[in-house]
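What's in entry-v9.pdb: PDB, C-alpha atoms
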ATOM      1  CA  VAL A 218    -180.488  37.722 -84.009
ATOM      2  CA  GLN A 219    -178.836  36.988 -87.341
ATOM      3  CA  ALA A 220    -175.055  36.765 -87.109
ATOM      4  CA  ASP A 221    -174.498  39.479 -89.710
ATOM      5  CA  LEU A 222    -176.634  41.910 -87.674
ATOM      6  CA  ALA A 223    -175.007  41.260 -84.298
ATOM      7  CA  PRO A 224    -171.975  43.591 -84.773
ATOM      8  CA  ALA A 225    -174.363  46.542 -85.209
ATOM      9  CA  ALA A 226    -175.472  46.286 -81.583
ATOM     10  CA  LYS A 227    -173.619  48.146 -78.843
ATOM     11  CA  VAL A 228    -173.783  46.968 -75.241
ATOM     12  CA  TYR A 229    -173.148  49.420 -72.395
ATOM     13  CA  ASP A 230    -172.334  48.564 -68.792
ATOM     14  CA  ARG A 231    -174.193  51.657 -67.560
ATOM     15  CA  GLY A 232    -177.462  53.095 -68.755
ATOM     16  CA  GLU A 233    -176.103  56.599 -68.258
ATOM     17  CA  ASP A 234    -173.330  55.921 -70.772
ATOM     18  CA  LEU A 235    -175.829  54.761 -73.376
ATOM     19  CA  ILE A 236    -177.964  57.872 -72.807
ATOM     20  CA  ALA A 237    -174.926  60.135 -73.235
ATOM     21  CA  ALA A 238    -173.762  58.421 -76.440
ATOM     22  CA  ALA A 239    -173.528  60.779 -79.416
ATOM     23  CA  ASP A 240    -175.442  58.437 -81.725
ATOM     24  CA  VAL A 241    -178.424  58.112 -79.343
ATOM     25  CA  ASP A 242    -181.198  60.577 -80.193
ATOM     26  CA  ALA A 243    -183.963  59.426 -77.832
ATOM     27  CA  VAL A 244    -184.300  57.134 -74.829
ATOM     28  CA  LEU A 245    -186.835  54.481 -73.760
ATOM     29  CA  VAL A 246    -186.704  53.581 -70.075
ATOM     30  CA  THR A 247    -188.386  50.211 -69.475
ATOM     31  CA  SER A 248    -186.069  48.899 -66.749
ATOM     32  CA  THR A 249    -187.060  48.172 -63.152
ATOM     33  CA  GLY A 250    -188.829  51.051 -61.400
ATOM     34  CA  SER A 251    -186.003  51.894 -59.005
ATOM     35  CA  THR A 252    -183.786  52.911 -61.968
ATOM     36  CA  HIS A 253    -186.273  55.228 -63.648
ATOM     37  CA  GLU A 254    -185.443  58.452 -61.855
ATOM     38  CA  GLY A 255    -181.706  58.322 -62.570
ATOM     39  CA  TYR A 256    -182.110  57.437 -66.238
ATOM     40  CA  VAL A 257    -184.773  60.094 -66.873
ATOM     41  CA  LEU A 258    -182.681  62.761 -65.182
ATOM     42  CA  ALA A 259    -179.720  61.719 -67.349
ATOM     43  CA  ALA A 260    -181.857  62.029 -70.496
ATOM     44  CA  ILE A 261    -183.019  65.510 -69.504
ATOM     45  CA  ALA A 262    -179.442  66.570 -68.770
ATOM     46  CA  ALA A 263    -178.481  65.311 -72.246
ATOM     47  CA  GLY A 264    -181.427  67.159 -73.822
ATOM     48  CA  LYS A 265    -182.880  63.949 -75.286
ATOM     49  CA  PRO A 266    -186.566  62.993 -75.492
ATOM     50  CA  CYS A 267    -187.325  60.170 -73.065
ATOM     51  CA  PHE A 268    -190.156  57.678 -72.801
ATOM     52  CA  CYS A 269    -190.414  56.294 -69.258
ATOM     53  CA  GLU A 270    -192.639  53.422 -68.263
ATOM     54  CA  LYS A 271    -194.641  53.946 -65.104
ATOM     55  CA  PRO A 272    -193.743  54.754 -62.416
ATOM     56  CA  LEU A 273    -191.878  57.926 -63.325
ATOM     57  CA  ALA A 274    -190.077  57.457 -59.994
ATOM     58  CA  THR A 275    -190.641  55.264 -56.954
ATOM     59  CA  THR A 276    -191.302  58.268 -54.702
ATOM     60  CA  ALA A 277    -193.105  61.574 -55.101
ATOM     61  CA  ASP A 278    -189.869  63.368 -54.193
ATOM     62  CA  GLY A 279    -188.111  61.559 -57.034
ATOM     63  CA  ALA A 280    -190.827  62.534 -59.504
ATOM     64  CA  LYS A 281    -190.573  66.133 -58.285
ATOM     65  CA  ARG A 282    -186.842  66.146 -59.044
ATOM     66  CA  ILE A 283    -187.654  65.126 -62.613
ATOM     67  CA  VAL A 284    -190.281  67.855 -62.929
ATOM     68  CA  ASP A 285    -187.820  70.447 -61.602
ATOM     69  CA  ALA A 286    -185.118  69.312 -64.006
ATOM     70  CA  GLU A 287    -187.462  69.467 -66.985
ATOM     71  CA  VAL A 288    -188.757  72.910 -66.002
ATOM     72  CA  THR A 289    -185.171  74.142 -65.672
ATOM     73  CA  HIS A 290    -184.427  72.707 -69.117
ATOM     74  CA  GLY A 291    -187.362  74.753 -70.418
ATOM     75  CA  LYS A 292    -188.929  72.187 -72.768
ATOM     76  CA  ARG A 293    -190.920  68.984 -72.384
ATOM     77  CA  LEU A 294    -188.745  65.937 -72.981
ATOM     78  CA  VAL A 295    -190.479  63.213 -70.958
ATOM     79  CA  GLN A 296    -193.487  61.044 -71.782
ATOM     80  CA  VAL A 297    -194.748  58.690 -69.063
ATOM     81  CA  GLY A 298    -196.115  55.271 -70.041
ATOM     82  CA  PHE A 299    -199.734  55.618 -68.982
ATOM     83  CA  MET A 300    -200.982  53.666 -71.989
ATOM     84  CA  ARG A 301    -204.692  53.753 -71.129
ATOM     85  CA  ARG A 302    -204.930  57.268 -72.581
ATOM     86  CA  TYR A 303    -204.164  55.605 -75.923
ATOM     87  CA  ASP A 304    -206.681  52.766 -75.592
ATOM     88  CA  ALA A 305    -209.480  53.048 -78.180
ATOM     89  CA  GLY A 306    -212.108  52.349 -75.512
ATOM     90  CA  TYR A 307    -210.909  55.103 -73.182
ATOM     91  CA  VAL A 308    -210.554  57.563 -76.071
ATOM     92  CA  ALA A 309    -214.191  56.863 -76.997
ATOM     93  CA  LEU A 310    -215.217  57.219 -73.341
ATOM     94  CA  LYS A 311    -213.538  60.628 -73.121
ATOM     95  CA  GLN A 312    -215.410  61.779 -76.227
ATOM     96  CA  ALA A 313    -218.688  60.506 -74.778
ATOM     97  CA  THR A 314    -218.013  62.177 -71.413
ATOM     98  CA  ALA A 315    -218.131  65.567 -73.144
ATOM     99  CA  GLN A 316    -221.761  64.847 -74.102
ATOM    100  CA  ILE A 317    -223.318  63.702 -70.803
ATOM    101  CA  GLY A 318    -223.151  66.962 -68.870
ATOM    102  CA  ALA A 319    -220.971  67.719 -65.877
ATOM    103  CA  PRO A 320    -219.621  64.493 -64.293
ATOM    104  CA  ILE A 321    -220.982  63.747 -60.828
ATOM    105  CA  MET A 322    -219.759  60.236 -60.017
ATOM    106  CA  VAL A 323    -217.443  57.556 -61.404
ATOM    107  CA  HIS A 324    -217.709  53.825 -60.731
ATOM    108  CA  ALA A 325    -214.675  51.805 -61.764
ATOM    109  CA  ALA A 326    -213.146  48.383 -61.213
ATOM    110  CA  HIS A 327    -209.714  46.849 -61.799
ATOM    111  CA  ARG A 328    -209.831  43.054 -61.487
ATOM    112  CA  ASN A 329    -207.067  40.492 -62.001
ATOM    113  CA  PRO A 330    -207.575  36.729 -61.915
ATOM    114  CA  THR A 331    -204.651  36.206 -59.542
ATOM    115  CA  VAL A 332    -201.409  37.751 -58.260
ATOM    116  CA  PRO A 333    -198.200  36.173 -56.907
ATOM    117  CA  GLU A 334    -197.282  35.849 -53.233
ATOM    118  CA  SER A 335    -194.883  38.788 -53.641
ATOM    119  CA  TYR A 336    -197.818  41.129 -54.344
ATOM    120  CA  GLY A 337    -198.531  43.066 -51.140
ATOM    121  CA  THR A 338    -201.391  45.334 -50.125
ATOM    122  CA  PRO A 339    -199.640  48.646 -51.061
ATOM    123  CA  MET A 340    -198.965  47.239 -54.553
ATOM    124  CA  ALA A 341    -202.705  47.386 -55.187
ATOM    125  CA  ILE A 342    -202.123  51.140 -55.281
ATOM    126  CA  HIS A 343    -198.645  51.563 -56.773
ATOM    127  CA  ASP A 344    -198.896  48.770 -59.381
ATOM    128  CA  THR A 345    -202.633  48.481 -60.052
ATOM    129  CA  LEU A 346    -204.669  51.575 -59.148
ATOM    130  CA  ILE A 347    -201.943  53.801 -60.608
ATOM    131  CA  HIS A 348    -203.546  53.375 -64.046
ATOM    132  CA  GLU A 349    -206.960  54.541 -62.816
ATOM    133  CA  ILE A 350    -205.330  57.426 -60.954
ATOM    134  CA  ASP A 351    -203.945  58.785 -64.205
ATOM    135  CA  VAL A 352    -206.675  57.930 -66.693
ATOM    136  CA  LEU A 353    -209.512  59.255 -64.513
ATOM    137  CA  ARG A 354    -207.732  62.618 -64.109
ATOM    138  CA  TRP A 355    -207.446  62.683 -67.881
ATOM    139  CA  LEU A 356    -211.062  61.698 -68.494
ATOM    140  CA  LEU A 357    -212.432  64.272 -66.051
ATOM    141  CA  ASP A 358    -209.848  67.028 -66.567
ATOM    142  CA  ASP A 359    -209.762  67.331 -62.787
ATOM    143  CA  ASP A 360    -207.460  66.774 -59.807
ATOM    144  CA  TYR A 361    -207.906  64.832 -56.586
ATOM    145  CA  VAL A 362    -208.295  66.401 -53.154
ATOM    146  CA  SER A 363    -208.770  63.361 -50.886
ATOM    147  CA  ALA A 364    -208.582  59.575 -50.731
ATOM    148  CA  ARG A 365    -210.189  56.902 -48.567
ATOM    149  CA  VAL A 366    -209.732  53.130 -48.622
ATOM    150  CA  LEU A 367    -212.276  50.571 -47.453
ATOM    151  CA  PHE A 368    -211.700  46.839 -47.027
ATOM    152  CA  PRO A 369    -214.629  44.433 -47.359
ATOM    153  CA  ARG A 370    -214.433  40.800 -46.284
ATOM    154  CA  LYS A 371    -211.189  39.247 -47.481
ATOM    155  CA  ALA A 372    -211.475  36.982 -50.523
ATOM    156  CA  ALA A 373    -210.656  33.335 -49.860
ATOM    157  CA  ARG A 374    -208.042  33.227 -52.647
ATOM    158  CA  ALA A 375    -206.065  36.213 -51.326
ATOM    159  CA  HIS A 376    -202.782  35.058 -49.807
ATOM    160  CA  GLY A 377    -201.896  35.745 -46.195
ATOM    161  CA  GLY A 378    -200.004  39.020 -46.717
ATOM    162  CA  LEU A 379    -202.638  40.686 -48.903
ATOM    163  CA  ARG A 380    -205.880  42.442 -48.054
ATOM    164  CA  ASP A 381    -208.037  41.894 -51.115
ATOM    165  CA  PRO A 382    -210.331  43.268 -52.396
ATOM    166  CA  GLN A 383    -210.305  46.932 -51.481
ATOM    167  CA  VAL A 384    -212.284  49.987 -52.533
ATOM    168  CA  VAL A 385    -210.590  53.347 -53.041
ATOM    169  CA  VAL A 386    -212.781  56.449 -52.842
ATOM    170  CA  LEU A 387    -211.359  59.600 -54.412
ATOM    171  CA  GLU A 388    -212.858  63.097 -54.360
ATOM    172  CA  THR A 389    -211.896  65.664 -56.985
ATOM    173  CA  ALA A 390    -211.523  69.428 -56.871
ATOM    174  CA  LYS A 391    -214.764  69.778 -58.875
ATOM    175  CA  GLY A 392    -216.643  67.595 -56.393
ATOM    176  CA  VAL A 393    -216.772  64.353 -58.401
ATOM    177  CA  LEU A 394    -216.900  61.249 -56.204
ATOM    178  CA  ILE A 395    -215.010  58.225 -57.557
ATOM    179  CA  ASP A 396    -215.089  54.663 -56.275
ATOM    180  CA  VAL A 397    -212.625  52.112 -57.647
ATOM    181  CA  GLU A 398    -212.844  48.450 -56.752
ATOM    182  CA  ILE A 399    -209.459  46.700 -56.778
ATOM    183  CA  PHE A 400    -209.895  42.928 -56.750
ATOM    184  CA  VAL A 401    -206.736  41.097 -57.786
ATOM    185  CA  ASN A 402    -207.890  37.558 -57.004
ATOM    186  CA  CYS A 403    -211.245  37.644 -58.779
ATOM    187  CA  HIS A 404    -210.406  34.333 -60.495
ATOM    188  CA  TYR A 405    -212.727  34.716 -63.526
ATOM    189  CA  GLY A 406    -210.534  36.983 -65.680
ATOM    190  CA  TYR A 407    -208.886  40.354 -66.293
ATOM    191  CA  ASP A 408    -211.708  42.868 -66.153
ATOM    192  CA  ILE A 409    -211.501  46.668 -66.423
ATOM    193  CA  GLN A 410    -214.702  48.644 -65.893
ATOM    194  CA  CYS A 411    -215.458  52.372 -65.842
ATOM    195  CA  GLU A 412    -218.776  54.222 -65.783
ATOM    196  CA  ILE A 413    -219.118  58.009 -65.626
ATOM    197  CA  VAL A 414    -222.384  59.449 -64.330
ATOM    198  CA  GLY A 415    -223.102  62.925 -65.658
ATOM    199  CA  GLU A 416    -225.910  65.414 -65.150
ATOM    200  CA  ASP A 417    -227.531  64.462 -68.476
ATOM    201  CA  GLY A 418    -226.515  60.848 -68.981
ATOM    202  CA  ILE A 419    -224.127  57.979 -68.332
ATOM    203  CA  ALA A 420    -221.091  56.877 -70.369
ATOM    204  CA  LYS A 421    -219.520  53.454 -69.936
ATOM    205  CA  LEU A 422    -216.200  52.033 -71.088
ATOM    206  CA  PRO A 423    -216.896  49.534 -73.887
ATOM    207  CA  GLU A 424    -216.059  45.879 -73.430
ATOM    208  CA  PRO A 425    -213.147  44.493 -75.477
ATOM    209  CA  MET A 426    -214.267  43.090 -78.818
ATOM    210  CA  ALA A 427    -215.489  39.510 -78.399
ATOM    211  CA  ILE A 428    -217.777  37.135 -80.229
ATOM    212  CA  GLN A 429    -221.030  36.440 -78.438
ATOM    213  CA  MET A 430    -222.096  32.802 -78.691
ATOM    214  CA  ARG A 431    -225.231  30.791 -78.091
ATOM    215  CA  LEU A 432    -223.787  27.435 -77.138
ATOM    216  CA  ASP A 433    -224.706  24.576 -74.815
ATOM    217  CA  ALA A 434    -227.923  26.323 -73.799
ATOM    218  CA  LYS A 435    -225.944  29.422 -72.728
ATOM    219  CA  LEU A 436    -225.526  32.964 -74.022
ATOM    220  CA  GLN A 437    -221.858  33.738 -73.425
ATOM    221  CA  ASN A 438    -218.914  36.025 -74.168
ATOM    222  CA  PRO A 439    -215.268  35.151 -73.576
ATOM    223  CA  ILE A 440    -213.459  37.261 -70.947
ATOM    224  CA  LEU A 441    -209.775  38.117 -71.263
ATOM    225  CA  THR A 442    -207.390  36.759 -68.649
ATOM    226  CA  ASP A 443    -204.186  38.664 -69.525
ATOM    227  CA  TRP A 444    -203.712  42.429 -69.272
ATOM    228  CA  LYS A 445    -201.380  42.367 -72.277
ATOM    229  CA  ASP A 446    -204.196  41.125 -74.497
ATOM    230  CA  ARG A 447    -206.495  43.876 -73.217
ATOM    231  CA  PHE A 448    -204.136  46.789 -73.888
ATOM    232  CA  VAL A 449    -201.665  45.517 -76.518
ATOM    233  CA  ASP A 450    -202.845  47.941 -79.221
ATOM    234  CA  SER A 451    -202.547  50.972 -76.941
ATOM    235  CA  TYR A 452    -198.831  50.315 -76.453
ATOM    236  CA  ASP A 453    -198.260  50.617 -80.205
ATOM    237  CA  VAL A 454    -200.224  53.876 -80.447
ATOM    238  CA  GLU A 455    -198.433  55.236 -77.380
ATOM    239  CA  LEU A 456    -194.976  54.493 -78.754
ATOM    240  CA  ASN A 457    -195.807  55.959 -82.166
ATOM    241  CA  ASP A 458    -196.897  59.165 -80.419
ATOM    242  CA  PHE A 459    -193.554  59.302 -78.614
ATOM    243  CA  ILE A 460    -191.564  58.693 -81.802
ATOM    244  CA  LYS A 461    -193.383  61.465 -83.675
ATOM    245  CA  ALA A 462    -192.732  63.939 -80.851
ATOM    246  CA  ALA A 463    -189.125  62.790 -80.383
ATOM    247  CA  ALA A 464    -188.441  63.478 -84.071
ATOM    248  CA  ARG A 465    -189.298  67.108 -83.241
ATOM    249  CA  GLY A 466    -187.031  67.034 -80.178
ATOM    250  CA  THR A 467    -189.863  67.149 -77.656
ATOM    251  CA  ALA A 468    -192.424  64.906 -75.903
ATOM    252  CA  ALA A 469    -196.178  64.317 -76.072
ATOM    253  CA  GLY A 470    -198.809  62.468 -74.051
ATOM    254  CA  PRO A 471    -198.682  61.999 -70.268
ATOM    255  CA  SER A 472    -196.074  64.346 -68.838
ATOM    256  CA  SER A 473    -193.658  64.380 -65.929
ATOM    257  CA  TRP A 474    -196.251  66.455 -64.120
ATOM    258  CA  ASP A 475    -198.816  63.675 -64.621
ATOM    259  CA  GLY A 476    -196.290  61.184 -63.254
ATOM    260  CA  TYR A 477    -195.654  63.427 -60.253
ATOM    261  CA  VAL A 478    -199.360  63.890 -59.511
ATOM    262  CA  ALA A 479    -199.867  60.118 -59.766
ATOM    263  CA  ALA A 480    -197.044  59.579 -57.260
ATOM    264  CA  ILE A 481    -198.511  62.082 -54.783
ATOM    265  CA  THR A 482    -201.953  60.504 -55.128
ATOM    266  CA  SER A 483    -200.556  56.983 -54.745
ATOM    267  CA  ASP A 484    -198.779  57.936 -51.545
ATOM    268  CA  ALA A 485    -202.028  59.374 -50.170
ATOM    269  CA  CYS A 486    -203.934  56.197 -51.060
ATOM    270  CA  VAL A 487    -201.341  54.001 -49.328
ATOM    271  CA  ALA A 488    -201.590  56.260 -46.267
ATOM    272  CA  ALA A 489    -205.379  55.841 -46.440
ATOM    273  CA  GLN A 490    -204.964  52.057 -46.341
ATOM    274  CA  ALA A 491    -203.487  52.447 -42.873
ATOM    275  CA  THR A 492    -206.297  54.742 -41.668
ATOM    276  CA  GLU A 493    -209.061  52.535 -43.069
ATOM    277  CA  GLY A 494    -212.130  54.621 -43.923
ATOM    278  CA  GLN A 495    -210.636  57.979 -42.964
ATOM    279  CA  ALA A 496    -209.984  60.620 -45.601
ATOM    280  CA  VAL A 497    -206.374  61.548 -46.383
ATOM    281  CA  ALA A 498    -205.918  64.951 -47.990
ATOM    282  CA  ILE A 499    -204.188  65.215 -51.372
ATOM    283  CA  THR A 500    -202.409  68.534 -51.791
ATOM    284  CA  LEU A 501    -200.713  69.458 -55.047
ATOM    285  CA  PRO A 502    -198.210  72.267 -55.574
ATOM    286  CA  ALA A 503    -198.847  74.873 -58.245
ATOM    287  CA  ARG A 504    -198.617  73.402 -61.726
ATOM    288  CA  PRO A 505    -195.589  74.839 -63.592
ATOM    289  CA  ALA A 506    -196.369  76.801 -66.743
ATOM    290  CA  LEU A 507    -194.514  74.201 -68.810
ATOM    291  CA  TYR A 508    -197.355  71.722 -68.188
ATOM    292  CA  ARG A 509    -200.351  74.007 -68.611
TER     293      ARG A 509
END

Take the structure in this file and express it as structure tokens.
Amino acid sequence: VQADLAPAAKVYDRGEDLIAAADVDAVLVTSTGSTHEGYVLAAIAAGKPCFCEKPLATTADGAKRIVDAEVTHGKRLVQVGFMRRYDAGYVALKQATAQIGAPIMVHAAHRNPTVPESYGTPMAIHDTLIHEIDVLRWLLDDDYVSARVLFPRKAARAHGGLRDPQVVVLETAKGVLIDVEIFVNCHYGYDIQCEIVGEDGIAKLPEPMAIQMRLDAKLQNPILTDWKDRFVDSYDVELNDFIKAAARGTAAGPSSWDGYVAAITSDACVAAQATEGQAVAITLPARPALYR
């Protein structure tokens, strides 16, 4: 930071004090997940638009408190950072889904080359599957009614405290059956796949742009290894959407309700990990009119 710009910055000991400051018009919450609920509630109490990275809260009860506060306020103020809705590939997939007839099945995969020792089995849901939980609801315009988790043979590269890979099977209210492979030690790269099977056709998420080469007697495409490279553009589009809405004193994009539904679904999926293969019901309360 240039020395002549440094005095313009204000540093606060407490996030709540920054949120309450008279010269703060909107709030971006990108701190550790355990702080999200308190900061978002403070922003709602101050009547300020708030962008909150996922998760909206670390528990479904916490997300519900945010929903209740926003409903009481009477206007949407919160946008949750589910950036896949802003990815050009997913936007194109949603447009294509409208042309293939009623969806029947979805096949998806979320693969990482590796994860640290601190990554435990439930994190495959809360930190990884959470993106599919939201974006598939958005693609299908549907809600989940049950979850099952299946564990195949453990991959050799998975550390001792992690069951990897796993397959999550979700059923929706409209009867769509979804299977999502989570494989966070796949080694070869960062790979996101999604295919929607409809009554009249199939739509598939496009691969990231890459140059195909014929080289060394091989036909090959490079595969990304970093999630930031895969979704970097969507973060810019997402934030621009928030800024435009915040200038009007409101919020756009994924809502507190979407964050709450994702939390409920995540909890059900973690419960299903413990009951391997058995279905765990997902029950949602009535959606408030504010989010319809």

Legend entry - Test item: residues at most 9 Å from Ile236 of chain A, all atoms listed in the file, excluding those fewer than 3 positions along its chain, as an MDAnalysis selection string: chainID A and resid 231:233 239 241:244 256 259:260 263 265

Inset, instruction - Tell me which residues the PyMOL selection byres ((chain A and resi 274) around 9) grabs here, as a ChimeraX atom specification. - result: /A:250-255,271-273,275-281,283,476-477,480

Legend entry - For segment 411-419 of chain A: contacts at 7 Å, all atoms listed in the file, fewer than 3 positions along chain excluded, given as number ranges by chain: A: 317-326, 422

Legend entry - One-decimal distance in Å that lies between atom CA of Pro369 of chain A and atom CA of Pro330 of chain A: 17.9 Å

Legend entry - Residue nearest Thr345 of chain A among A:Ala364, A:Ile399, A:Leu507, A:Ala373 (counting all atoms listed in the file):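 Going through A:Ala364, A:Ile399, A:Leu507, A:Ala373 one by one, the smallest distance to Thr345 of chain A is for A:Ile399.
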
Inset, instruction - Could you tell me which residues the PyMOL selection byres ((chain A and resi 385) around 7) returns for this structure, as a PyMOL selection string? - result: chain A and resi 364-367+383-384+386-387+396-398

Inset, instruction - Any chance you could resolve the PyMOL selection byres ((chain A and resi 310) around 8) against this file and give the residues as a PyMOL selection string? - result: chain A and resi 306-309+311-314+356+420-423

Filtering to C-alpha atoms, could you give me those residues as an mmCIF file, in the frame of the given file?
data_model
loop_
_atom_site.group_PDB
_atom_site.id
_atom_site.type_symbol
_atom_site.label_atom_id
_atom_site.label_comp_id
_atom_site.auth_asym_id
_atom_site.auth_seq_id
_atom_site.Cartn_x
_atom_site.Cartn_y
_atom_site.Cartn_z
ATOM 1 C CA GLY A 306 -212.108 52.349 -75.512
ATOM 2 C CA TYR A 307 -210.909 55.103 -73.182
ATOM 3 C CA VAL A 308 -210.554 57.563 -76.071
ATOM 4 C CA ALA A 309 -214.191 56.863 -76.997
ATOM 5 C CA LYS A 311 -213.538 60.628 -73.121
ATOM 6 C CA GLN A 312 -215.410 61.779 -76.227
ATOM 7 C CA ALA A 313 -218.688 60.506 -74.778
ATOM 8 C CA THR A 314 -218.013 62.177 -71.413
ATOM 9 C CA LEU A 356 -211.062 61.698 -68.494
ATOM 10 C CA ALA A 420 -221.091 56.877 -70.369
ATOM 11 C CA LYS A 421 -219.520 53.454 -69.936
ATOM 12 C CA LEU A 422 -216.200 52.033 -71.088
ATOM 13 C CA PRO A 423 -216.896 49.534 -73.887
#

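Our summary of the geometry notes that atom CA of Lys391 of chain A is positioned 18.0 Å from atom CA of Asp475 of chain A.
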
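Look at Asp443 of chain A: the protein and nucleic acid residues within 9 Å of it, using only C-alpha atoms and passing over chain neighbours fewer than 6 places away, are Asn329, Pro330, Gly406 and Tyr407 of chain A.
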
Inset, instruction - In Å, rounded to a single decimal, give me how far atom CA of His343 of chain A is from atom CA of Ser473 of chain A. - result: 16.5 Å

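The protein and nucleic acid residues lying at most 9 Å from Leu441 of chain A are A:Tyr405, A:Gly406, A:Tyr407, A:Asp408, A:Pro425, A:Asp446, A:Arg447, with all atoms listed in the file considered and sequence neighbours fewer than 5 positions away removed.
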
Output file for the selection above: C-alpha atoms, as an mmCIF file, in the coordinates of the input:
data_model
loop_
_atom_site.group_PDB
_atom_site.id
_atom_site.type_symbol
_atom_site.label_atom_id
_atom_site.label_comp_id
_atom_site.auth_asym_id
_atom_site.auth_seq_id
_atom_site.Cartn_x
_atom_site.Cartn_y
_atom_site.Cartn_z
ATOM 1 C CA TYR A 405 -212.727 34.716 -63.526
ATOM 2 C CA GLY A 406 -210.534 36.983 -65.680
ATOM 3 C CA TYR A 407 -208.886 40.354 -66.293
ATOM 4 C CA ASP A 408 -211.708 42.868 -66.153
ATOM 5 C CA PRO A 425 -213.147 44.493 -75.477
ATOM 6 C CA ASP A 446 -204.196 41.125 -74.497
ATOM 7 C CA ARG A 447 -206.495 43.876 -73.217
#

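Closest approach to Trp474 of chain A from the set A:Gly494, A:Gly291, A:Pro266, A:Pro502 is made by A:Pro502, with distances taken over only C-alpha atoms.
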
Spatial neighbours of Asp360 of chain A, max dist 8 Å, only C-alpha atoms, sep filter under 5 positions, as a PDB file with C-alpha atoms, keeping the file's coordinate frame:
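Saved result, out39.pdb, follows:
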ATOM      1  CA  ARG A 354    -207.732  62.618 -64.109  1.00  0.00           C
ATOM      2  CA  THR A 389    -211.896  65.664 -56.985  1.00  0.00           C
ATOM      3  CA  ALA A 390    -211.523  69.428 -56.871  1.00  0.00           C
ATOM      4  CA  LYS A 391    -214.764  69.778 -58.875  1.00  0.00           C
TER       5      LYS A 391
END

Report, as JSON, the centre and edge lengths in Å (one decimal) of the axis-aligned box enclosing every listed atom of segment 317-320 of chain A, padded by 5 Å on each side.
{"center_x": -221.5, "center_y": 65.7, "center_z": -67.5, "size_x": 13.7, "size_y": 14.0, "size_z": 16.5}

Legend entry - Proximity to Arg504 of chain A - best of A:Val288, A:Ala489, A:Ala315, A:Ala238, only C-alpha atoms: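 Looking only at the distances to Arg504 of chain A, the closest residue turns out to be A:Val288.
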